[in-house]
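**Q** Coordinates in work-v8.cif, mmCIF, C-alpha atoms, are listed below.
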data_upload
loop_
_atom_site.label_atom_id
_atom_site.label_comp_id
_atom_site.auth_asym_id
_atom_site.auth_seq_id
_atom_site.Cartn_x
_atom_site.Cartn_y
_atom_site.Cartn_z
CA MET C 1 -28.47 -74.91 -144.55
CA ASN C 2 -29.41 -72.63 -141.72
CA THR C 3 -28.09 -69.60 -143.62
CA LYS C 4 -30.18 -70.53 -146.67
CA LYS C 5 -33.29 -70.89 -144.53
CA VAL C 6 -32.75 -67.44 -143.02
CA ILE C 7 -32.29 -65.91 -146.49
CA MET C 8 -35.46 -67.63 -147.81
CA HIS C 9 -37.45 -66.49 -144.78
CA LYS C 10 -36.34 -62.89 -145.35
CA LEU C 11 -37.24 -63.07 -149.04
CA LEU C 12 -40.69 -64.48 -148.27
CA SER C 13 -41.30 -61.85 -145.60
CA LYS C 14 -40.31 -59.08 -148.02
CA LYS C 15 -42.64 -60.53 -150.69
CA THR C 16 -45.49 -60.68 -148.19
CA VAL C 17 -44.93 -57.03 -147.23
CA ILE C 18 -44.96 -56.02 -150.90
CA THR C 19 -48.17 -58.02 -151.52
CA LEU C 20 -49.88 -56.45 -148.50
CA SER C 21 -48.77 -53.00 -149.62
CA LYS C 22 -50.24 -53.57 -153.08
CA PHE C 23 -53.49 -54.82 -151.55
CA ARG C 24 -53.78 -51.78 -149.29
CA LEU C 25 -53.06 -49.48 -152.22
CA LEU C 26 -55.73 -51.18 -154.32
CA ALA C 27 -58.25 -50.94 -151.50
CA PHE C 28 -57.44 -47.25 -151.08
CA VAL C 29 -57.92 -46.61 -154.81
CA LEU C 30 -61.27 -48.43 -154.76
CA LEU C 31 -62.39 -46.41 -151.74
CA LEU C 32 -61.50 -43.18 -153.52
CA ASN C 33 -63.44 -44.35 -156.56
CA ILE C 34 -66.56 -45.12 -154.50
CA VAL C 35 -66.46 -41.72 -152.81
CA ALA C 36 -65.84 -39.92 -156.09
CA ASN C 37 -68.46 -41.88 -158.06
CA PRO C 38 -72.00 -41.10 -156.81
CA VAL C 39 -73.42 -44.16 -158.59
CA PHE C 40 -71.95 -46.34 -155.83
CA ALA C 41 -72.17 -43.85 -152.95
CA GLN C 42 -75.26 -45.55 -151.55
CA SER C 43 -75.59 -49.27 -150.93
CA GLY C 44 -77.84 -51.37 -153.16
CA SER C 45 -79.92 -52.51 -150.20
CA GLN C 46 -80.68 -48.91 -149.24
CA LEU C 47 -81.76 -48.08 -152.79
CA ARG C 48 -83.95 -51.16 -153.03
CA GLU C 49 -85.63 -50.28 -149.74
CA LYS C 50 -86.11 -46.68 -150.88
CA ILE C 51 -87.71 -47.84 -154.15
CA GLU C 52 -90.01 -50.35 -152.41
CA GLN C 53 -91.20 -47.71 -149.92
CA GLY C 54 -91.78 -45.22 -152.73
CA ALA C 55 -93.76 -47.74 -154.76
CA GLU C 56 -95.90 -48.59 -151.72
CA ARG C 57 -96.71 -44.91 -151.09
CA TYR C 58 -97.52 -44.45 -154.77
CA LEU C 59 -99.95 -47.39 -154.77
CA LEU C 60 -101.64 -46.36 -151.52
CA ASN C 61 -102.31 -42.94 -153.01
CA ALA C 62 -103.38 -44.23 -156.44
CA ILE C 63 -105.66 -46.99 -155.12
CA GLY C 64 -107.02 -44.91 -152.22
CA ASN C 65 -108.51 -42.35 -154.59
CA ASP C 66 -110.69 -45.07 -156.09
CA SER C 67 -111.48 -47.14 -152.99
CA GLU C 68 -112.54 -44.85 -150.18
CA GLN C 69 -114.71 -47.51 -148.50
CA GLU C 70 -112.04 -50.18 -148.62
CA ASN C 71 -109.15 -50.95 -146.29
CA ILE C 72 -106.01 -51.37 -148.40
CA SER C 73 -102.99 -53.45 -147.40
CA ILE C 74 -99.92 -53.56 -149.68
CA ASN C 75 -97.12 -56.11 -149.48
CA MET C 76 -94.20 -55.22 -151.76
CA VAL C 77 -92.30 -58.09 -153.38
CA ALA C 78 -88.60 -57.69 -152.57
CA ILE C 79 -86.44 -56.48 -155.45
CA ASP C 80 -83.88 -59.06 -156.59
CA ASP C 81 -80.49 -58.44 -154.92
CA ARG C 82 -78.72 -59.06 -158.24
CA ILE C 83 -80.30 -56.02 -159.91
CA GLN C 84 -77.90 -53.08 -160.16
CA ILE C 85 -79.58 -49.84 -159.07
CA PRO C 86 -77.89 -46.48 -159.76
CA VAL C 87 -78.34 -43.44 -157.56
CA CYS C 88 -81.01 -41.15 -159.00
CA HIS C 89 -80.31 -37.42 -158.52
CA THR C 90 -83.98 -36.66 -159.07
CA PRO C 91 -86.94 -38.36 -157.33
CA PHE C 92 -87.80 -41.79 -158.73
CA ASN C 93 -90.88 -41.91 -160.96
CA TYR C 94 -93.57 -44.55 -160.34
CA HIS C 95 -96.31 -45.66 -162.71
CA ALA C 96 -98.87 -48.48 -162.87
CA GLU C 97 -101.49 -48.98 -165.55
CA PRO C 98 -104.82 -47.56 -164.27
CA ALA C 99 -106.66 -50.74 -165.27
CA SER C 100 -104.36 -52.81 -163.04
CA LEU C 101 -105.15 -50.86 -159.86
CA ARG C 102 -108.20 -53.09 -159.16
CA GLN C 103 -106.12 -56.27 -159.38
CA SER C 104 -104.56 -58.22 -156.51
CA TYR C 105 -101.10 -58.27 -158.11
CA ILE C 106 -99.80 -54.99 -159.53
CA SER C 107 -96.58 -54.18 -161.40
CA VAL C 108 -95.11 -50.71 -160.87
CA ARG C 109 -92.62 -49.22 -163.32
CA VAL C 110 -89.86 -47.34 -161.49
CA SER C 111 -87.66 -44.98 -163.50
CA CYS C 112 -85.14 -42.19 -162.99
CA GLY C 113 -85.59 -38.85 -164.72
CA ASN C 114 -81.89 -38.13 -165.28
CA ASN C 115 -80.99 -41.40 -167.04
CA ASP C 116 -82.58 -44.23 -169.03
CA TRP C 117 -82.65 -46.69 -166.14
CA TYR C 118 -85.90 -48.37 -165.04
CA LEU C 119 -87.19 -51.55 -163.44
CA PHE C 120 -90.50 -53.19 -162.58
CA THR C 121 -91.34 -53.95 -158.97
CA ASN C 122 -94.43 -55.86 -157.87
CA ALA C 123 -96.95 -55.67 -155.06
CA ARG C 124 -99.63 -57.94 -153.63
CA VAL C 125 -102.68 -55.88 -152.70
CA SER C 126 -105.31 -56.93 -150.17
CA ARG C 127 -108.64 -55.09 -150.15
CA THR C 128 -111.08 -55.57 -147.30
CA ARG C 129 -114.28 -53.85 -146.23
CA THR C 130 -115.97 -53.65 -142.83
CA VAL C 131 -119.33 -55.35 -143.36
CA VAL C 132 -122.03 -57.16 -141.41
CA VAL C 133 -121.54 -60.92 -141.11
CA THR C 134 -123.45 -63.67 -139.35
CA ALA C 135 -122.68 -64.42 -135.71
CA GLY C 136 -123.49 -68.11 -135.81
CA LEU C 137 -125.47 -70.41 -138.08
CA ILE C 138 -128.73 -68.84 -139.32
CA SER C 139 -131.61 -70.93 -140.68
CA PRO C 140 -134.03 -69.93 -143.47
CA GLY C 141 -136.81 -67.63 -142.24
CA SER C 142 -134.80 -66.48 -139.20
CA LEU C 143 -135.26 -62.87 -138.10
CA LEU C 144 -132.05 -60.84 -138.03
CA THR C 145 -131.28 -59.30 -134.64
CA SER C 146 -128.33 -57.75 -132.86
CA GLU C 147 -127.65 -61.22 -131.40
CA ASN C 148 -126.95 -62.97 -134.69
CA LEU C 149 -125.09 -60.17 -136.48
CA ARG C 150 -121.63 -58.65 -136.08
CA LEU C 151 -119.08 -56.58 -138.01
CA ALA C 152 -115.94 -58.05 -139.60
CA GLU C 153 -113.25 -57.32 -142.19
CA VAL C 154 -114.02 -59.21 -145.40
CA ASP C 155 -112.07 -59.54 -148.66
CA VAL C 156 -113.97 -57.48 -151.25
CA ASN C 157 -113.55 -60.30 -153.78
CA LEU C 158 -116.02 -62.31 -151.68
CA LEU C 159 -118.69 -59.62 -151.95
CA ARG C 160 -120.67 -60.29 -155.12
CA HIS C 161 -123.85 -58.44 -154.14
CA THR C 162 -124.85 -55.44 -152.02
CA SER C 163 -123.35 -55.72 -148.53
CA TYR C 164 -124.15 -53.77 -145.36
CA SER C 165 -121.93 -51.73 -143.07
CA SER C 166 -124.28 -51.37 -140.08
CA THR C 167 -126.18 -54.03 -138.14
CA ASP C 168 -128.98 -51.54 -137.43
CA GLU C 169 -130.05 -51.37 -141.08
CA LEU C 170 -130.64 -55.14 -141.12
CA LEU C 171 -132.70 -55.55 -137.96
CA GLY C 172 -136.06 -57.17 -138.72
CA ALA C 173 -135.05 -58.60 -142.11
CA ARG C 174 -135.30 -62.37 -142.66
CA MET C 175 -132.88 -64.86 -144.18
CA LYS C 176 -134.04 -66.73 -147.27
CA ARG C 177 -131.56 -69.61 -146.93
CA ARG C 178 -129.25 -71.29 -144.43
CA VAL C 179 -126.10 -69.23 -143.81
CA ARG C 180 -122.98 -70.38 -141.97
CA ASN C 181 -121.16 -68.49 -139.23
CA GLY C 182 -119.05 -65.52 -140.36
CA GLN C 183 -120.62 -65.23 -143.82
CA PRO C 184 -121.14 -61.68 -145.13
CA ILE C 185 -124.79 -60.63 -145.26
CA GLN C 186 -125.67 -59.67 -148.84
CA ALA C 187 -128.88 -58.44 -150.41
CA ASN C 188 -129.57 -61.67 -152.32
CA MET C 189 -129.69 -63.66 -149.04
CA LEU C 190 -132.57 -61.86 -147.37
CA CYS C 191 -135.85 -60.02 -147.70
CA PHE C 192 -137.14 -57.07 -145.72
CA VAL C 193 -140.56 -57.75 -147.18
CA CYS C 194 -141.08 -61.38 -148.12
CA LYS C 195 -143.61 -62.93 -150.48
CA GLY C 196 -146.93 -63.41 -148.69
CA ASP C 197 -146.24 -60.80 -146.00
CA ARG C 198 -149.10 -58.54 -144.94
CA ILE C 199 -147.81 -55.00 -145.31
CA THR C 200 -148.99 -51.42 -145.28
CA ILE C 201 -149.24 -49.63 -148.63
CA SER C 202 -148.56 -45.91 -148.29
CA ALA C 203 -149.74 -43.83 -151.27
CA GLN C 204 -148.16 -40.36 -151.30
CA GLY C 205 -148.73 -37.40 -153.56
CA GLY C 206 -149.76 -33.73 -153.55
CA GLY C 207 -148.95 -33.37 -149.89
CA MET C 208 -151.39 -36.14 -148.99
CA GLN C 209 -150.82 -39.65 -147.72
CA VAL C 210 -153.23 -42.58 -147.83
CA LYS C 211 -152.56 -45.92 -146.21
CA THR C 212 -154.15 -49.26 -146.89
CA ALA C 213 -153.44 -52.91 -146.23
CA GLY C 214 -151.78 -55.13 -148.80
CA ILE C 215 -150.03 -58.43 -149.46
CA ALA C 216 -146.56 -58.78 -150.99
CA ARG C 217 -146.35 -60.86 -154.15
CA GLN C 218 -142.51 -60.77 -154.26
CA ASP C 219 -139.48 -60.68 -151.98
CA GLY C 220 -137.68 -57.36 -151.71
CA VAL C 221 -135.02 -55.45 -149.82
CA ILE C 222 -135.24 -51.75 -148.99
CA GLY C 223 -135.26 -49.73 -152.21
CA ASP C 224 -136.58 -52.59 -154.38
CA ASN C 225 -139.75 -52.18 -156.43
CA ILE C 226 -142.01 -55.20 -155.92
CA GLN C 227 -145.50 -56.24 -156.85
CA VAL C 228 -148.13 -56.04 -154.07
CA ILE C 229 -151.87 -56.62 -153.91
CA ASN C 230 -154.15 -53.88 -152.57
CA ALA C 231 -156.30 -55.74 -150.06
CA SER C 232 -159.23 -53.33 -150.56
CA SER C 233 -159.38 -53.35 -154.37
CA ASN C 234 -157.60 -56.65 -154.96
CA LYS C 235 -155.54 -54.92 -157.65
CA ALA C 236 -151.83 -55.51 -158.23
CA ILE C 237 -149.57 -52.47 -158.05
CA ILE C 238 -145.81 -51.79 -158.00
CA ALA C 239 -144.48 -50.25 -154.82
CA GLU C 240 -141.07 -49.51 -153.30
CA VAL C 241 -139.97 -51.33 -150.16
CA ALA C 242 -139.46 -48.71 -147.43
CA SER C 243 -139.17 -50.94 -144.33
CA THR C 244 -140.03 -54.41 -143.10
CA GLN C 245 -143.68 -53.40 -142.84
CA THR C 246 -144.25 -50.66 -145.39
CA VAL C 247 -144.16 -50.16 -149.15
CA VAL C 248 -144.63 -46.79 -150.82
CA VAL C 249 -146.47 -45.78 -153.97
CA THR C 250 -145.84 -42.30 -155.34
CA LEU C 251 -148.91 -40.77 -157.03
#
Using structure tokens, write down the structure from this file.
**A**
Amino acid sequence: MNTKKVIMHKLLSKKTVITLSKFRLLAFVLLLNIVANPVFAQSGSQLREKIEQGAERYLLNAIGNDSEQENISINMVAIDDRIQIPVCHTPFNYHAEPASLRQSYISVRVSCGNNDWYLFTNARVSRTRTVVVTAGLISPGSLLTSENLRLAEVDVNLLRHTSYSSTDELLGARMKRRVRNGQPIQANMLCFVCKGDRITISAQGGGMQVKTAGIARQDGVIGDNIQVINASSNKAIIAEVASTQTVVVTL
């Protein structure tokens, strides 16, 4: 029995050596194939990272040309690990539909010029703008000052009307309604000249300027044309709001 056990042990050991030798040979052949075949010369994770970075750069450039006043932040959605990505011997090509560049979720087509391969990768895009917001609760009729205004980054999707980028251009304007803390100041919330205000009407033309007193018949922000009453003639005229105290009529 002992002799049989020794013989069986030797046979099993020999079989194990043969199996290990075959495994090493197979591994060697696979290694040679990877080195010789450029499609697998770079790991999938490296290619996915390369594509994601390229798509991000593409979007920053494409969106930046159309949004100079906005701060753009791009978060690329990770490419699925199961997707097979070949090595591209030319730079990858990136393309997104122009109409989609204003959206918050953009698909980018990635392709390789030397084969028919392509995929779609996606990005979440955040667009903010530095605008003036309220520094505390502001009641209707309140005068805007440096104390109740500040600058903040605001999502552009929350800005439905004209916003302001400097607190100085809002000083002296008045709020028309109650506004909570941190809310962006927009043109529809305030008036530089408010209905019933006594203002100065400045008539300009031919190198001459004439000023007279008047009363505003409408609310308006700077640049708006509003109706005012000439206090001297009691006639209604249309004038442009120039400041919190002055409207201008061009003769």
**Q** Mind checking which residues fall within 12 Å of C:Ser73, counting all atoms listed in the file, ignoring those fewer than 6 positions away in the same chain, and posting them as a count of residues only?
**A** 18
**Q** Identify, on the basis of all atoms listed in the file, every residue whose closest approach to C:Val248 does not exceed 10 Å; exclude the query and any residue fewer than 6 positions from it along the same chain; express the result as a count of residues only.
**A** 14
**Q** Which one of C:Leu151, C:Leu158, C:Leu144, C:Val221 sits closest to C:Met175 if you count only C-alpha atoms?
**A**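 Closest to C:Met175 of all the choices is C:Leu144.
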**Q** Looking at all atoms listed in the file, which of C:Val179, C:Ala231, C:Leu119, C:Ile74 is the one that sits closest to C:Asn148?
**A** C:Val179
**Q** Evaluate the PyMOL selection byres ((chain C and resi 88) around 9) against this structure - the residues, as a list of chain:residue names, please.
**A**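 With the shown file as input, the PyMOL selection byres ((chain C and resi 88) around 9) matches C:Val39, C:Ile85, C:Pro86, C:Val87, C:His89, C:Thr90, C:Pro91, C:Phe92, C:Ser111, C:Cys112, C:Gly113, C:Asn114, C:Asn115.
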**Q** Kindly give the distance, in Å, that separates atom CA of C:Asn157 and atom CA of C:Val131, rounded to a single decimal.
**A**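 About the pair atom CA of C:Asn157 and atom CA of C:Val131: they are 12.9 Å apart.
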**Q** Apply the PyMOL selection byres ((chain C and resi 135) around 9) to the file shown and report the selected residues as number ranges by chain.
**A** C: 133-134, 136-138, 147-151, 180-183
**Q** Pick the closest to C:Lys176 from C:Asn75, C:Thr244, C:Ser139, C:Thr145: which is it, counting only C-alpha atoms?
**A**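 The shortest atom-to-atom distance to C:Lys176 comes from C:Ser139.
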**Q** Give me, please, the distance in Å between atom CA of C:Ile222 and atom CA of C:Pro184, quoted to one decimal.
**A** 17.7 Å
**Q** Can you give me, as an NGL selection string, the residues this file yields under the PyMOL selection byres ((chain C and resi 46-53) around 9)?
**A** :C and (42-45 or 54-58 or 76-81 or 85-87 or 92 or 110 or 121-122)
**Q** Keeping only C-alpha atoms, write the selected residues to a file as a short mmCIF file (atom, residue, chain, number, x, y, z; two decimals), keeping the file's coordinate frame.
**A**
data_model
loop_
_atom_site.label_atom_id
_atom_site.label_comp_id
_atom_site.auth_asym_id
_atom_site.auth_seq_id
_atom_site.Cartn_x
_atom_site.Cartn_y
_atom_site.Cartn_z
CA GLN C 42 -75.26 -45.55 -151.55
CA SER C 43 -75.59 -49.27 -150.93
CA GLY C 44 -77.84 -51.37 -153.16
CA SER C 45 -79.92 -52.51 -150.20
CA GLY C 54 -91.78 -45.22 -152.73
CA ALA C 55 -93.76 -47.74 -154.76
CA GLU C 56 -95.90 -48.59 -151.72
CA ARG C 57 -96.71 -44.91 -151.09
CA TYR C 58 -97.52 -44.45 -154.77
CA MET C 76 -94.20 -55.22 -151.76
CA VAL C 77 -92.30 -58.09 -153.38
CA ALA C 78 -88.60 -57.69 -152.57
CA ILE C 79 -86.44 -56.48 -155.45
CA ASP C 80 -83.88 -59.06 -156.59
CA ASP C 81 -80.49 -58.44 -154.92
CA ILE C 85 -79.58 -49.84 -159.07
CA PRO C 86 -77.89 -46.48 -159.76
CA VAL C 87 -78.34 -43.44 -157.56
CA PHE C 92 -87.80 -41.79 -158.73
CA VAL C 110 -89.86 -47.34 -161.49
CA THR C 121 -91.34 -53.95 -158.97
CA ASN C 122 -94.43 -55.86 -157.87
#
**Q** Please, what is the axis-aligned box for every listed atom of stretch 126-140 of chain C with 6 Å on each side, as centre and edge lengths in Å to one decimal, as JSON?
**A**
{"center_x": -119.7, "center_y": -62.3, "center_z": -142.9, "size_x": 40.7, "size_y": 29.3, "size_z": 26.5}
**Q** Start from the incomplete input, build N, CA, C and O atoms for stretch 172-193 of chain C, and deliver everything as a tab-separated table (two decimals), in the frame of the given file.
**A**
chain	number	residue	atom	x	y	z
C	172	GLY	N	-134.68	-56.89	-138.28
C	172	GLY	CA	-136.06	-57.17	-138.72
C	172	GLY	C	-136.15	-57.87	-140.06
C	172	GLY	O	-137.20	-58.40	-140.42
C	173	ALA	N	-135.05	-57.87	-140.84
C	173	ALA	CA	-135.05	-58.60	-142.11
C	173	ALA	C	-134.99	-60.10	-141.82
C	173	ALA	O	-134.66	-60.53	-140.71
C	174	ARG	N	-135.31	-60.92	-142.83
C	174	ARG	CA	-135.30	-62.37	-142.66
C	174	ARG	C	-134.41	-63.04	-143.70
C	174	ARG	O	-134.32	-62.59	-144.84
C	175	MET	N	-133.75	-64.11	-143.28
C	175	MET	CA	-132.88	-64.86	-144.18
C	175	MET	C	-133.72	-65.77	-145.06
C	175	MET	O	-134.70	-66.37	-144.61
C	176	LYS	N	-133.32	-65.88	-146.34
C	176	LYS	CA	-134.04	-66.73	-147.27
C	176	LYS	C	-133.43	-68.12	-147.38
C	176	LYS	O	-134.04	-69.02	-147.93
C	177	ARG	N	-132.20	-68.30	-146.87
C	177	ARG	CA	-131.56	-69.61	-146.93
C	177	ARG	C	-130.63	-69.78	-145.73
C	177	ARG	O	-130.34	-68.83	-145.01
C	178	ARG	N	-130.16	-70.99	-145.54
C	178	ARG	CA	-129.25	-71.29	-144.43
C	178	ARG	C	-127.90	-70.62	-144.70
C	178	ARG	O	-127.34	-70.74	-145.79
C	179	VAL	N	-127.36	-69.95	-143.67
C	179	VAL	CA	-126.10	-69.23	-143.81
C	179	VAL	C	-125.18	-69.63	-142.66
C	179	VAL	O	-125.59	-69.64	-141.49
C	180	ARG	N	-123.93	-69.93	-142.98
C	180	ARG	CA	-122.98	-70.38	-141.97
C	180	ARG	C	-122.43	-69.20	-141.16
C	180	ARG	O	-122.58	-68.04	-141.54
C	181	ASN	N	-121.75	-69.50	-140.09
C	181	ASN	CA	-121.16	-68.49	-139.23
C	181	ASN	C	-120.07	-67.70	-139.96
C	181	ASN	O	-119.24	-68.28	-140.66
C	182	GLY	N	-120.08	-66.37	-139.79
C	182	GLY	CA	-119.05	-65.52	-140.36
C	182	GLY	C	-119.25	-65.16	-141.82
C	182	GLY	O	-118.39	-64.52	-142.41
C	183	GLN	N	-120.38	-65.53	-142.41
C	183	GLN	CA	-120.62	-65.23	-143.82
C	183	GLN	C	-121.16	-63.81	-143.97
C	183	GLN	O	-122.05	-63.38	-143.22
C	184	PRO	N	-120.64	-63.03	-144.92
C	184	PRO	CA	-121.14	-61.68	-145.13
C	184	PRO	C	-122.62	-61.68	-145.51
C	184	PRO	O	-123.06	-62.48	-146.33
C	185	ILE	N	-123.38	-60.78	-144.91
C	185	ILE	CA	-124.79	-60.63	-145.26
C	185	ILE	C	-124.88	-59.80	-146.53
C	185	ILE	O	-124.39	-58.67	-146.58
C	186	GLN	N	-125.51	-60.37	-147.57
C	186	GLN	CA	-125.67	-59.67	-148.84
C	186	GLN	C	-127.14	-59.66	-149.24
C	186	GLN	O	-127.93	-60.51	-148.81
C	187	ALA	N	-127.48	-58.69	-150.09
C	187	ALA	CA	-128.88	-58.44	-150.41
C	187	ALA	C	-129.61	-59.66	-150.97
C	187	ALA	O	-130.81	-59.84	-150.73
C	188	ASN	N	-128.90	-60.52	-151.71
C	188	ASN	CA	-129.57	-61.67	-152.32
C	188	ASN	C	-129.90	-62.77	-151.33
C	188	ASN	O	-130.57	-63.75	-151.68
C	189	MET	N	-129.45	-62.63	-150.05
C	189	MET	CA	-129.69	-63.66	-149.04
C	189	MET	C	-130.96	-63.41	-148.23
C	189	MET	O	-131.40	-64.30	-147.52
C	190	LEU	N	-131.51	-62.22	-148.32
C	190	LEU	CA	-132.57	-61.86	-147.37
C	190	LEU	C	-133.70	-61.09	-148.03
C	190	LEU	O	-133.63	-60.71	-149.20
C	191	CYS	N	-134.74	-60.87	-147.26
C	191	CYS	CA	-135.85	-60.02	-147.70
C	191	CYS	C	-136.33	-59.21	-146.50
C	191	CYS	O	-136.43	-59.72	-145.39
C	192	PHE	N	-136.52	-57.93	-146.74
C	192	PHE	CA	-137.14	-57.07	-145.72
C	192	PHE	C	-138.65	-57.26	-145.76
C	192	PHE	O	-139.32	-57.28	-144.73
C	193	VAL	N	-139.17	-57.34	-146.96
C	193	VAL	CA	-140.56	-57.75	-147.18
C	193	VAL	C	-140.50	-59.05	-147.97
C	193	VAL	O	-139.85	-59.11	-149.02
